[in-house]
file my_file-v4.txt (compact mmCIF, N, CA and C atoms and all ligand atoms)
# COMPACT_ATOMS: atom_id res chain seq x y z
N MET A 195 -2.98 11.63 23.15
CA MET A 195 -1.57 11.85 22.82
C MET A 195 -1.07 10.81 21.81
N LYS A 196 -0.25 11.27 20.88
CA LYS A 196 0.26 10.33 19.87
C LYS A 196 1.35 9.45 20.47
N LYS A 197 1.47 8.25 19.91
CA LYS A 197 2.49 7.33 20.44
C LYS A 197 3.46 6.90 19.36
N GLN A 198 4.50 6.25 19.77
CA GLN A 198 5.49 5.67 18.85
C GLN A 198 4.92 4.36 18.28
N ILE A 199 5.43 3.97 17.11
CA ILE A 199 5.05 2.66 16.56
C ILE A 199 6.05 1.64 17.10
N GLU A 200 5.53 0.80 18.02
CA GLU A 200 6.47 -0.04 18.77
C GLU A 200 6.36 -1.54 18.50
N ASN A 201 5.20 -1.98 18.03
CA ASN A 201 5.00 -3.44 17.91
C ASN A 201 3.90 -3.76 16.90
N ARG A 202 3.61 -5.05 16.77
CA ARG A 202 2.61 -5.51 15.79
C ARG A 202 1.23 -4.88 16.03
N THR A 203 0.86 -4.74 17.29
CA THR A 203 -0.45 -4.16 17.59
C THR A 203 -0.57 -2.75 17.01
N ASP A 204 0.51 -1.98 17.11
CA ASP A 204 0.50 -0.62 16.53
C ASP A 204 0.41 -0.68 15.01
N VAL A 205 1.15 -1.62 14.43
CA VAL A 205 1.14 -1.75 12.96
C VAL A 205 -0.26 -2.18 12.49
N GLU A 206 -0.85 -3.10 13.22
CA GLU A 206 -2.19 -3.59 12.88
C GLU A 206 -3.20 -2.45 12.92
N PHE A 207 -3.12 -1.64 13.96
CA PHE A 207 -4.02 -0.49 14.09
C PHE A 207 -3.82 0.46 12.90
N LEU A 208 -2.57 0.75 12.59
CA LEU A 208 -2.25 1.63 11.46
C LEU A 208 -2.84 1.10 10.16
N VAL A 209 -2.63 -0.19 9.90
CA VAL A 209 -3.11 -0.81 8.65
C VAL A 209 -4.64 -0.74 8.58
N HIS A 210 -5.31 -1.01 9.68
CA HIS A 210 -6.78 -0.97 9.69
C HIS A 210 -7.29 0.45 9.42
N GLN A 211 -6.69 1.43 10.08
CA GLN A 211 -7.12 2.82 9.90
C GLN A 211 -6.88 3.27 8.46
N PHE A 212 -5.74 2.86 7.92
CA PHE A 212 -5.36 3.25 6.57
C PHE A 212 -6.34 2.68 5.54
N TYR A 213 -6.62 1.38 5.62
CA TYR A 213 -7.51 0.78 4.62
C TYR A 213 -8.96 1.22 4.78
N ALA A 214 -9.33 1.67 5.97
CA ALA A 214 -10.68 2.22 6.13
C ALA A 214 -10.82 3.46 5.24
N LYS A 215 -9.77 4.23 5.12
CA LYS A 215 -9.79 5.42 4.24
C LYS A 215 -9.76 4.99 2.77
N ILE A 216 -8.84 4.06 2.46
CA ILE A 216 -8.68 3.61 1.07
C ILE A 216 -9.99 3.03 0.50
N ARG A 217 -10.62 2.19 1.29
CA ARG A 217 -11.82 1.49 0.80
C ARG A 217 -12.95 2.43 0.43
N THR A 218 -13.02 3.57 1.09
CA THR A 218 -14.14 4.49 0.83
C THR A 218 -13.75 5.64 -0.09
N ASP A 219 -12.53 5.62 -0.60
CA ASP A 219 -12.11 6.71 -1.48
C ASP A 219 -12.81 6.60 -2.84
N LYS A 220 -13.29 7.74 -3.33
CA LYS A 220 -14.05 7.75 -4.58
C LYS A 220 -13.20 7.39 -5.80
N GLU A 221 -11.92 7.77 -5.76
CA GLU A 221 -11.08 7.53 -6.94
C GLU A 221 -10.38 6.17 -6.95
N ILE A 222 -9.94 5.70 -5.78
CA ILE A 222 -9.17 4.45 -5.82
C ILE A 222 -9.79 3.29 -5.04
N GLY A 223 -10.87 3.56 -4.31
CA GLY A 223 -11.50 2.50 -3.50
C GLY A 223 -11.88 1.28 -4.34
N PHE A 224 -12.37 1.51 -5.55
CA PHE A 224 -12.87 0.38 -6.34
C PHE A 224 -11.78 -0.61 -6.75
N TYR A 225 -10.54 -0.16 -6.89
CA TYR A 225 -9.46 -1.11 -7.22
C TYR A 225 -9.37 -2.18 -6.13
N PHE A 226 -9.42 -1.70 -4.90
CA PHE A 226 -9.27 -2.60 -3.76
C PHE A 226 -10.55 -3.42 -3.55
N ASN A 227 -11.69 -2.75 -3.64
CA ASN A 227 -12.95 -3.46 -3.40
C ASN A 227 -13.26 -4.49 -4.49
N THR A 228 -12.72 -4.28 -5.69
CA THR A 228 -12.91 -5.26 -6.76
C THR A 228 -11.99 -6.46 -6.55
N MET A 229 -10.73 -6.18 -6.20
CA MET A 229 -9.74 -7.26 -6.15
C MET A 229 -9.80 -8.07 -4.84
N ILE A 230 -10.09 -7.40 -3.74
CA ILE A 230 -9.95 -8.07 -2.44
C ILE A 230 -11.27 -8.70 -2.01
N LYS A 231 -11.25 -10.02 -1.95
CA LYS A 231 -12.48 -10.75 -1.60
C LYS A 231 -12.58 -10.95 -0.09
N ASP A 232 -11.42 -11.12 0.55
CA ASP A 232 -11.41 -11.39 1.99
C ASP A 232 -10.61 -10.29 2.70
N TRP A 233 -11.34 -9.30 3.22
CA TRP A 233 -10.65 -8.15 3.81
C TRP A 233 -9.86 -8.50 5.07
N ASP A 234 -10.40 -9.44 5.87
CA ASP A 234 -9.66 -9.81 7.09
C ASP A 234 -8.30 -10.39 6.73
N ALA A 235 -8.29 -11.26 5.71
CA ALA A 235 -7.03 -11.87 5.28
C ALA A 235 -6.09 -10.81 4.71
N HIS A 236 -6.65 -9.87 3.96
CA HIS A 236 -5.81 -8.80 3.39
C HIS A 236 -5.18 -7.95 4.49
N LEU A 237 -5.98 -7.57 5.47
CA LEU A 237 -5.47 -6.72 6.55
C LEU A 237 -4.40 -7.46 7.36
N ASP A 238 -4.60 -8.76 7.55
CA ASP A 238 -3.58 -9.57 8.23
C ASP A 238 -2.29 -9.61 7.44
N LYS A 239 -2.43 -9.82 6.12
CA LYS A 239 -1.25 -9.90 5.26
C LYS A 239 -0.48 -8.58 5.25
N LEU A 240 -1.23 -7.48 5.18
CA LEU A 240 -0.56 -6.17 5.15
C LEU A 240 0.07 -5.82 6.50
N THR A 241 -0.54 -6.34 7.58
CA THR A 241 0.09 -6.17 8.90
C THR A 241 1.40 -6.95 8.93
N ASP A 242 1.37 -8.19 8.40
CA ASP A 242 2.62 -8.98 8.28
C ASP A 242 3.66 -8.20 7.46
N PHE A 243 3.19 -7.66 6.34
CA PHE A 243 4.12 -6.96 5.43
C PHE A 243 4.84 -5.82 6.15
N TRP A 244 4.07 -4.95 6.82
CA TRP A 244 4.70 -3.78 7.44
C TRP A 244 5.45 -4.14 8.71
N GLU A 245 5.00 -5.20 9.39
CA GLU A 245 5.74 -5.65 10.57
C GLU A 245 7.11 -6.19 10.14
N THR A 246 7.11 -6.97 9.07
CA THR A 246 8.36 -7.50 8.52
C THR A 246 9.27 -6.35 8.09
N ASN A 247 8.66 -5.38 7.44
CA ASN A 247 9.40 -4.24 6.93
C ASN A 247 10.05 -3.42 8.05
N LEU A 248 9.30 -3.23 9.12
CA LEU A 248 9.75 -2.33 10.19
C LEU A 248 10.60 -3.04 11.25
N PHE A 249 10.20 -4.25 11.61
CA PHE A 249 10.85 -4.92 12.74
C PHE A 249 11.67 -6.15 12.34
N ALA A 250 11.85 -6.34 11.03
CA ALA A 250 12.69 -7.43 10.51
C ALA A 250 12.32 -8.81 11.07
N VAL A 251 11.02 -9.04 11.26
CA VAL A 251 10.57 -10.40 11.61
C VAL A 251 10.19 -11.10 10.30
N LYS A 252 10.33 -12.42 10.29
CA LYS A 252 10.04 -13.12 9.03
C LYS A 252 8.58 -13.56 8.98
N LYS A 253 7.71 -12.69 8.53
CA LYS A 253 6.30 -13.07 8.46
C LYS A 253 5.76 -12.98 7.03
N TYR A 254 5.95 -11.83 6.43
CA TYR A 254 5.40 -11.66 5.08
C TYR A 254 6.21 -12.44 4.06
N LYS A 255 5.47 -13.22 3.25
CA LYS A 255 6.11 -13.87 2.10
C LYS A 255 5.25 -13.52 0.91
N GLY A 256 5.83 -12.87 -0.05
CA GLY A 256 5.01 -12.52 -1.21
C GLY A 256 5.82 -11.75 -2.21
N ASN A 257 5.14 -11.32 -3.24
CA ASN A 257 5.81 -10.61 -4.33
C ASN A 257 4.94 -9.42 -4.74
N PRO A 258 5.08 -8.29 -4.03
CA PRO A 258 4.24 -7.13 -4.31
C PRO A 258 4.31 -6.65 -5.76
N ASN A 259 5.49 -6.76 -6.39
CA ASN A 259 5.61 -6.36 -7.79
C ASN A 259 4.64 -7.13 -8.67
N ALA A 260 4.70 -8.47 -8.54
CA ALA A 260 3.84 -9.32 -9.36
C ALA A 260 2.37 -9.03 -9.07
N VAL A 261 2.04 -8.83 -7.79
CA VAL A 261 0.65 -8.57 -7.41
C VAL A 261 0.14 -7.27 -8.06
N HIS A 262 0.96 -6.22 -8.01
CA HIS A 262 0.52 -4.94 -8.59
C HIS A 262 0.46 -4.98 -10.11
N ASN A 263 1.35 -5.77 -10.72
CA ASN A 263 1.25 -5.94 -12.17
C ASN A 263 -0.07 -6.61 -12.54
N GLU A 264 -0.48 -7.57 -11.72
CA GLU A 264 -1.76 -8.24 -11.97
C GLU A 264 -2.93 -7.27 -11.79
N VAL A 265 -2.84 -6.46 -10.73
CA VAL A 265 -3.92 -5.48 -10.50
C VAL A 265 -4.01 -4.53 -11.69
N ASP A 266 -2.86 -4.06 -12.15
CA ASP A 266 -2.83 -3.12 -13.27
C ASP A 266 -3.41 -3.76 -14.54
N ALA A 267 -3.04 -5.02 -14.78
CA ALA A 267 -3.54 -5.72 -15.97
C ALA A 267 -5.06 -5.89 -15.88
N ARG A 268 -5.54 -6.17 -14.69
CA ARG A 268 -6.99 -6.36 -14.47
C ARG A 268 -7.77 -5.09 -14.81
N PHE A 269 -7.10 -3.93 -14.67
CA PHE A 269 -7.76 -2.66 -14.99
C PHE A 269 -7.17 -2.05 -16.28
N ASP A 270 -6.72 -2.94 -17.17
CA ASP A 270 -6.26 -2.54 -18.51
C ASP A 270 -5.14 -1.51 -18.52
N GLY A 271 -4.24 -1.60 -17.56
CA GLY A 271 -3.08 -0.71 -17.57
C GLY A 271 -3.43 0.75 -17.36
N LYS A 272 -4.45 0.99 -16.54
CA LYS A 272 -4.90 2.38 -16.39
C LYS A 272 -4.42 3.06 -15.11
N ILE A 273 -3.68 2.34 -14.28
CA ILE A 273 -3.24 2.95 -13.01
C ILE A 273 -2.12 3.95 -13.30
N THR A 274 -2.27 5.15 -12.76
CA THR A 274 -1.30 6.21 -13.03
C THR A 274 -0.64 6.67 -11.72
N SER A 275 0.23 7.66 -11.85
CA SER A 275 0.87 8.22 -10.66
C SER A 275 -0.17 8.87 -9.75
N ASN A 276 -1.32 9.26 -10.30
CA ASN A 276 -2.38 9.84 -9.48
C ASN A 276 -2.84 8.85 -8.39
N GLU A 277 -3.03 7.59 -8.77
CA GLU A 277 -3.46 6.57 -7.80
C GLU A 277 -2.39 6.38 -6.71
N PHE A 278 -1.14 6.36 -7.14
CA PHE A 278 -0.06 6.21 -6.16
C PHE A 278 0.01 7.43 -5.24
N GLY A 279 -0.24 8.61 -5.79
CA GLY A 279 -0.24 9.83 -4.98
C GLY A 279 -1.34 9.79 -3.93
N ILE A 280 -2.52 9.35 -4.33
CA ILE A 280 -3.64 9.28 -3.37
C ILE A 280 -3.31 8.27 -2.27
N TRP A 281 -2.81 7.11 -2.69
CA TRP A 281 -2.42 6.06 -1.72
C TRP A 281 -1.43 6.63 -0.70
N LEU A 282 -0.39 7.29 -1.20
CA LEU A 282 0.65 7.81 -0.29
C LEU A 282 0.11 8.92 0.61
N ASN A 283 -0.77 9.76 0.10
CA ASN A 283 -1.36 10.81 0.95
C ASN A 283 -2.11 10.21 2.13
N TYR A 284 -2.88 9.14 1.87
CA TYR A 284 -3.59 8.49 2.98
C TYR A 284 -2.62 7.86 3.97
N TRP A 285 -1.57 7.28 3.44
CA TRP A 285 -0.57 6.64 4.31
C TRP A 285 0.05 7.68 5.25
N PHE A 286 0.47 8.79 4.69
CA PHE A 286 1.09 9.86 5.49
C PHE A 286 0.07 10.42 6.50
N GLN A 287 -1.15 10.65 6.00
CA GLN A 287 -2.20 11.21 6.85
C GLN A 287 -2.48 10.30 8.05
N THR A 288 -2.60 8.99 7.80
CA THR A 288 -2.93 8.03 8.86
C THR A 288 -1.78 7.96 9.87
N LEU A 289 -0.56 7.93 9.36
CA LEU A 289 0.60 7.91 10.26
C LEU A 289 0.60 9.15 11.16
N ASP A 290 0.41 10.31 10.57
CA ASP A 290 0.47 11.56 11.34
C ASP A 290 -0.71 11.72 12.31
N GLU A 291 -1.84 11.15 11.95
CA GLU A 291 -3.02 11.26 12.82
C GLU A 291 -2.81 10.53 14.15
N HIS A 292 -2.14 9.37 14.08
CA HIS A 292 -2.12 8.50 15.25
C HIS A 292 -0.76 8.32 15.92
N PHE A 293 0.31 8.61 15.17
CA PHE A 293 1.64 8.27 15.71
C PHE A 293 2.63 9.41 15.53
N GLU A 294 3.74 9.25 16.23
CA GLU A 294 4.87 10.18 16.06
C GLU A 294 6.17 9.40 16.24
N GLY A 295 7.28 10.02 15.87
CA GLY A 295 8.57 9.38 16.12
C GLY A 295 9.25 8.85 14.88
N GLU A 296 10.38 8.21 15.12
CA GLU A 296 11.26 7.79 14.04
C GLU A 296 10.60 6.78 13.09
N ASN A 297 9.83 5.85 13.65
CA ASN A 297 9.22 4.84 12.77
C ASN A 297 8.18 5.43 11.82
N VAL A 298 7.58 6.56 12.22
CA VAL A 298 6.66 7.25 11.31
C VAL A 298 7.43 7.69 10.07
N GLU A 299 8.57 8.29 10.29
CA GLU A 299 9.39 8.78 9.16
C GLU A 299 9.90 7.61 8.33
N THR A 300 10.28 6.52 8.99
CA THR A 300 10.76 5.34 8.27
C THR A 300 9.65 4.79 7.37
N LEU A 301 8.44 4.69 7.90
CA LEU A 301 7.34 4.13 7.11
C LEU A 301 6.93 5.05 5.96
N LYS A 302 7.06 6.33 6.16
CA LYS A 302 6.77 7.27 5.05
C LYS A 302 7.79 7.07 3.93
N ARG A 303 9.05 7.04 4.34
CA ARG A 303 10.14 6.91 3.37
C ARG A 303 10.05 5.59 2.59
N ARG A 304 9.77 4.51 3.31
CA ARG A 304 9.75 3.19 2.66
C ARG A 304 8.56 3.05 1.72
N ALA A 305 7.41 3.60 2.11
CA ALA A 305 6.24 3.51 1.23
C ALA A 305 6.46 4.35 -0.03
N ARG A 306 7.08 5.51 0.14
CA ARG A 306 7.33 6.38 -1.01
C ARG A 306 8.26 5.68 -2.00
N LYS A 307 9.30 5.08 -1.45
CA LYS A 307 10.27 4.38 -2.28
C LYS A 307 9.63 3.17 -2.99
N MET A 308 8.85 2.44 -2.21
CA MET A 308 8.23 1.24 -2.78
C MET A 308 7.21 1.61 -3.85
N GLY A 309 6.46 2.69 -3.61
CA GLY A 309 5.48 3.16 -4.60
C GLY A 309 6.17 3.46 -5.92
N THR A 310 7.33 4.09 -5.84
CA THR A 310 8.09 4.41 -7.07
C THR A 310 8.48 3.13 -7.80
N PHE A 311 9.00 2.15 -7.04
CA PHE A 311 9.41 0.89 -7.66
C PHE A 311 8.21 0.16 -8.28
N LEU A 312 7.11 0.13 -7.53
CA LEU A 312 5.93 -0.59 -8.03
C LEU A 312 5.43 0.04 -9.32
N PHE A 313 5.42 1.36 -9.34
CA PHE A 313 4.89 2.05 -10.51
C PHE A 313 5.79 1.84 -11.72
N VAL A 314 7.08 1.94 -11.52
CA VAL A 314 8.02 1.73 -12.63
C VAL A 314 7.91 0.28 -13.14
N SER A 315 7.78 -0.65 -12.20
CA SER A 315 7.66 -2.06 -12.59
C SER A 315 6.38 -2.28 -13.41
N MET A 316 5.28 -1.67 -12.98
CA MET A 316 4.01 -1.75 -13.72
C MET A 316 4.19 -1.25 -15.15
N PHE A 317 4.87 -0.12 -15.24
CA PHE A 317 5.07 0.54 -16.52
C PHE A 317 5.89 -0.34 -17.47
N GLU A 318 6.95 -0.94 -16.91
CA GLU A 318 7.79 -1.83 -17.73
C GLU A 318 7.03 -3.09 -18.13
N HIS A 319 6.22 -3.60 -17.19
CA HIS A 319 5.44 -4.80 -17.44
C HIS A 319 4.44 -4.56 -18.57
N ARG A 320 3.85 -3.37 -18.60
CA ARG A 320 2.90 -3.04 -19.67
C ARG A 320 3.57 -3.11 -21.03
N LYS A 321 4.78 -2.57 -21.10
CA LYS A 321 5.49 -2.59 -22.39
C LYS A 321 5.76 -4.02 -22.82
N LYS A 322 6.15 -4.83 -21.82
CA LYS A 322 6.48 -6.24 -22.10
C LYS A 322 5.28 -7.00 -22.64
N ILE A 323 4.12 -6.75 -22.05
CA ILE A 323 2.95 -7.51 -22.50
C ILE A 323 2.19 -6.79 -23.60
N GLY A 324 2.75 -5.65 -24.06
CA GLY A 324 2.21 -4.98 -25.24
C GLY A 324 0.91 -4.25 -25.02
N GLU A 325 0.69 -3.79 -23.79
CA GLU A 325 -0.49 -2.96 -23.54
C GLU A 325 -0.32 -1.64 -24.29
N THR A 326 -1.44 -1.02 -24.63
CA THR A 326 -1.33 0.23 -25.39
C THR A 326 -1.12 1.43 -24.48
N SER A 327 -1.66 1.38 -23.25
CA SER A 327 -1.57 2.55 -22.37
C SER A 327 -0.15 2.76 -21.86
N THR A 328 0.40 3.95 -22.12
CA THR A 328 1.74 4.25 -21.63
C THR A 328 1.71 5.52 -20.77
N GLU A 329 0.51 5.88 -20.37
CA GLU A 329 0.35 7.10 -19.57
C GLU A 329 1.08 7.00 -18.23
N ILE A 330 1.77 8.04 -17.86
CA ILE A 330 2.42 8.04 -16.54
C ILE A 330 1.61 8.93 -15.61
C1 LIG B 1 2.24 3.36 -3.01
C2 LIG B 1 2.63 2.32 -2.41
C3 LIG B 1 1.95 0.97 -2.31
C4 LIG B 1 2.40 0.00 -1.48
C5 LIG B 1 3.57 0.13 -0.52
C6 LIG B 1 1.54 -1.15 -1.66
C7 LIG B 1 1.70 -2.34 -0.98
C8 LIG B 1 0.95 -3.48 -1.17
C9 LIG B 1 1.25 -4.79 -0.63
C10 LIG B 1 2.46 -5.12 0.25
C11 LIG B 1 0.28 -5.65 -1.03
C12 LIG B 1 0.17 -7.15 -0.70
C13 LIG B 1 0.84 -7.94 -1.81
C14 LIG B 1 0.62 -9.46 -1.67
O1 LIG B 1 -0.51 -9.92 -1.90
O2 LIG B 1 1.56 -10.18 -1.30
C15 LIG B 1 -0.65 -4.89 -1.84
C16 LIG B 1 -1.78 -5.39 -2.42
C17 LIG B 1 -2.62 -4.68 -3.22
N1 LIG B 1 -2.41 -3.41 -3.71
FE1 LIG B 1 -0.91 -2.16 -3.18
N2 LIG B 1 0.56 -0.88 -2.58
C18 LIG B 1 0.77 0.41 -3.02
C19 LIG B 1 0.01 1.07 -3.96
C20 LIG B 1 -1.11 0.57 -4.57
C21 LIG B 1 -1.94 1.28 -5.52
C22 LIG B 1 -1.70 2.71 -6.02
C23 LIG B 1 -2.96 0.43 -5.87
C24 LIG B 1 -4.13 0.61 -6.80
C25 LIG B 1 -4.47 1.69 -7.40
C26 LIG B 1 -2.78 -0.80 -5.14
C27 LIG B 1 -3.63 -1.89 -5.19
C28 LIG B 1 -3.47 -3.05 -4.49
C29 LIG B 1 -4.45 -4.15 -4.51
C30 LIG B 1 -5.79 -4.16 -5.23
C31 LIG B 1 -3.91 -5.17 -3.72
C32 LIG B 1 -4.54 -6.54 -3.42
C33 LIG B 1 -4.37 -7.48 -4.59
C34 LIG B 1 -5.04 -8.82 -4.34
O3 LIG B 1 -4.94 -9.37 -3.23
O4 LIG B 1 -5.67 -9.33 -5.27
N3 LIG B 1 -1.65 -0.68 -4.37
N4 LIG B 1 -0.20 -3.58 -1.93
call {"tool": "encode", "arguments": {"input": "my_file-v4.txt", "output": "structure tokens"}}
result
Amino acid sequence: MKKQIENRTDVEFLVHQFYAKIRTDKEIGFYFNTMIKDWDAHLDKLTDFWETNLFAVKKYKGNPNAVHNEVDARFDGKITSNEFGIWLNYWFQTLDEHFEGENVETLKRRARKMGTFLFVSMFEHRKKIGETSTEI
């Protein structure tokens, strides 16, 4: 039976299940496997991030915009809306597979919104640093 997302343990489980899919994806797995050297630390950080996001605890400290601009630059400005679409599909799929309730909808909405911001920020950053790729 599916459960509600109630605490850090649930968020941690969600994050682990989600990245297990991401890491093995043929189209976007390599972005993560190239950039992330310490997966345990990454999974901990992302658990902090979503726990902070959902339960308003002060754990995650970071700048996702800057991080994604760096990732995009590392791959020559080639990340498109396709990558964000794949990411979001896995997020929705993982949430629906294991959980139900209001927090599922909240996490879908927040990831969708954040994906839009990250992508627009990447796009603007490319123009600023004079990259040639302007593909959306
Ligand atoms: C769609 C919504 C997305 C959300 C909400 C999201 C969220 C995050 C967050 C919170 C971090 C941790 C930032 C930090 O280190 O403080 C992160 C890291 C990362 N993200 Fe995303 N992300 C999204 C999409 C993507 C996409 C589409 C890609 C690549 C195609 C991507 C690649 C990465 C990589 C490689 C890292 C680790 C960077 C590093 O540690 O060197 N993300 N993401």
call {"tool": "atom_distance", "arguments": {"input": "my_file-v4.txt", "atom1": "atom C of A:Ala305", "atom2": "atom C of A:Lys231"}}
result
24.4 Å
call {"tool": "residues_near_ligand", "arguments": {"input": "my_file-v4.txt", "ligand": "ligand LIG 1 (chain B)", "cutoff": "7 Å", "atoms": "all atoms listed in the file", "output": "VMD selection string"}}
result
chain A and resid 222 225 to 231 236 239 to 240 243 to 244 255 to 259 261 to 262 265 273 to 274 276 to 282 304 to 306 308 to 310
call {"tool": "select_by_dssp", "arguments": {"input": "my_file-v4.txt", "residues": "chain A", "states": "alpha helix (DSSP H)", "output": "NGL selection string"}}
result
:A and (202-217 or 223-229 or 233-249 or 258-268 or 275-292 or 296-323)
call {"tool": "atom_distance", "arguments": {"input": "my_file-v4.txt", "atom1": "atom CA of A:Ser275", "atom2": "atom CA of A:Phe313"}}
result
7.4 Å
call {"tool": "axis_aligned_box", "arguments": {"input": "my_file-v4.txt", "around": "stretch 306-320 of chain A", "padding_each_side": "3 Å", "output": "JSON"}}
result
{"center_x": 6.6, "center_y": 0.8, "center_z": -10.4, "size_x": 13.4, "size_y": 17.2, "size_z": 27.2}
call {"tool": "closest_residue", "arguments": {"input": "my_file-v4.txt", "among": "A:Glu318, A:Asp238, A:Glu245, A:Glu291", "to": "A:Asp266", "atoms": "only C-alpha atoms"}}
result
A:Glu318
call {"tool": "atom_distance", "arguments": {"input": "my_file-v4.txt", "atom1": "atom CA of A:Asn263", "atom2": "atom C of A:Lys307"}}
result
15.4 Å
call {"tool": "closest_residue", "arguments": {"input": "my_file-v4.txt", "among": "A:Ala235, A:Ile199, A:Ala267, A:Val205", "to": "A:Arg320", "atoms": "all atoms listed in the file"}}
result
A:Ala267
call {"tool": "decode", "arguments": {"input": "my_file-v4.txt", "residues": "stretch 222-229 of chain A", "atoms": "all heavy atoms", "output": "mmCIF file, in the first residue's frame"}}
result
data_model
loop_
_atom_site.group_PDB
_atom_site.id
_atom_site.type_symbol
_atom_site.label_atom_id
_atom_site.label_comp_id
_atom_site.auth_asym_id
_atom_site.auth_seq_id
_atom_site.Cartn_x
_atom_site.Cartn_y
_atom_site.Cartn_z
ATOM 1 N N ILE A 222 20.251 10.676 -20.054
ATOM 2 C CA ILE A 222 20.751 11.702 -19.121
ATOM 3 C C ILE A 222 21.647 11.161 -18.001
ATOM 4 O O ILE A 222 22.233 11.951 -17.276
ATOM 5 C CB ILE A 222 19.610 12.572 -18.521
ATOM 6 C CG1 ILE A 222 18.706 11.766 -17.578
ATOM 7 C CG2 ILE A 222 18.796 13.243 -19.611
ATOM 8 C CD1 ILE A 222 17.770 12.655 -16.764
ATOM 9 N N GLY A 223 21.770 9.837 -17.904
ATOM 10 C CA GLY A 223 22.588 9.257 -16.829
ATOM 11 C C GLY A 223 24.014 9.786 -16.828
ATOM 12 O O GLY A 223 24.578 10.062 -15.766
ATOM 13 N N PHE A 224 24.586 9.982 -18.008
ATOM 14 C CA PHE A 224 26.005 10.367 -18.062
ATOM 15 C C PHE A 224 26.276 11.759 -17.478
ATOM 16 O O PHE A 224 27.361 12.016 -16.976
ATOM 17 C CB PHE A 224 26.571 10.245 -19.480
ATOM 18 C CG PHE A 224 26.120 11.331 -20.411
ATOM 19 C CD1 PHE A 224 26.882 12.477 -20.594
ATOM 20 C CD2 PHE A 224 24.931 11.213 -21.100
ATOM 21 C CE1 PHE A 224 26.466 13.492 -21.449
ATOM 22 C CE2 PHE A 224 24.498 12.217 -21.955
ATOM 23 C CZ PHE A 224 25.265 13.360 -22.129
ATOM 24 N N TYR A 225 25.304 12.663 -17.518
ATOM 25 C CA TYR A 225 25.528 13.986 -16.907
ATOM 26 C C TYR A 225 25.833 13.810 -15.418
ATOM 27 O O TYR A 225 26.736 14.439 -14.865
ATOM 28 C CB TYR A 225 24.270 14.869 -17.012
ATOM 29 C CG TYR A 225 23.946 15.337 -18.415
ATOM 30 C CD1 TYR A 225 22.868 14.788 -19.114
ATOM 31 C CD2 TYR A 225 24.704 16.330 -19.024
ATOM 32 C CE1 TYR A 225 22.544 15.225 -20.393
ATOM 33 C CE2 TYR A 225 24.388 16.768 -20.303
ATOM 34 C CZ TYR A 225 23.312 16.217 -20.983
ATOM 35 O OH TYR A 225 23.001 16.642 -22.243
ATOM 36 N N PHE A 226 25.041 12.964 -14.797
ATOM 37 C CA PHE A 226 25.174 12.755 -13.355
ATOM 38 C C PHE A 226 26.409 11.908 -13.049
ATOM 39 O O PHE A 226 27.172 12.220 -12.144
ATOM 40 C CB PHE A 226 23.897 12.083 -12.818
ATOM 41 C CG PHE A 226 22.702 12.982 -12.989
ATOM 42 C CD1 PHE A 226 21.990 13.025 -14.190
ATOM 43 C CD2 PHE A 226 22.309 13.820 -11.964
ATOM 44 C CE1 PHE A 226 20.918 13.884 -14.365
ATOM 45 C CE2 PHE A 226 21.234 14.686 -12.134
ATOM 46 C CZ PHE A 226 20.536 14.710 -13.330
ATOM 47 N N ASN A 227 26.595 10.843 -13.827
ATOM 48 C CA ASN A 227 27.725 9.953 -13.551
ATOM 49 C C ASN A 227 29.072 10.619 -13.837
ATOM 50 O O ASN A 227 30.085 10.251 -13.246
ATOM 51 C CB ASN A 227 27.559 8.648 -14.336
ATOM 52 C CG ASN A 227 26.381 7.847 -13.804
ATOM 53 O OD1 ASN A 227 26.204 7.727 -12.591
ATOM 54 N ND2 ASN A 227 25.548 7.331 -14.703
ATOM 55 N N THR A 228 29.080 11.614 -14.722
ATOM 56 C CA THR A 228 30.319 12.354 -14.981
ATOM 57 C C THR A 228 30.603 13.342 -13.857
ATOM 58 O O THR A 228 31.734 13.458 -13.385
ATOM 59 C CB THR A 228 30.221 13.140 -16.321
ATOM 60 O OG1 THR A 228 29.875 12.237 -17.351
ATOM 61 C CG2 THR A 228 31.526 13.842 -16.656
ATOM 62 N N MET A 229 29.559 14.056 -13.427
ATOM 63 C CA MET A 229 29.768 15.147 -12.468
ATOM 64 C C MET A 229 29.891 14.661 -11.020
ATOM 65 O O MET A 229 30.619 15.249 -10.229
ATOM 66 C CB MET A 229 28.602 16.149 -12.513
ATOM 67 C CG MET A 229 28.410 16.874 -13.821
ATOM 68 S SD MET A 229 29.766 17.987 -14.257
ATOM 69 C CE MET A 229 29.660 19.270 -13.018
#
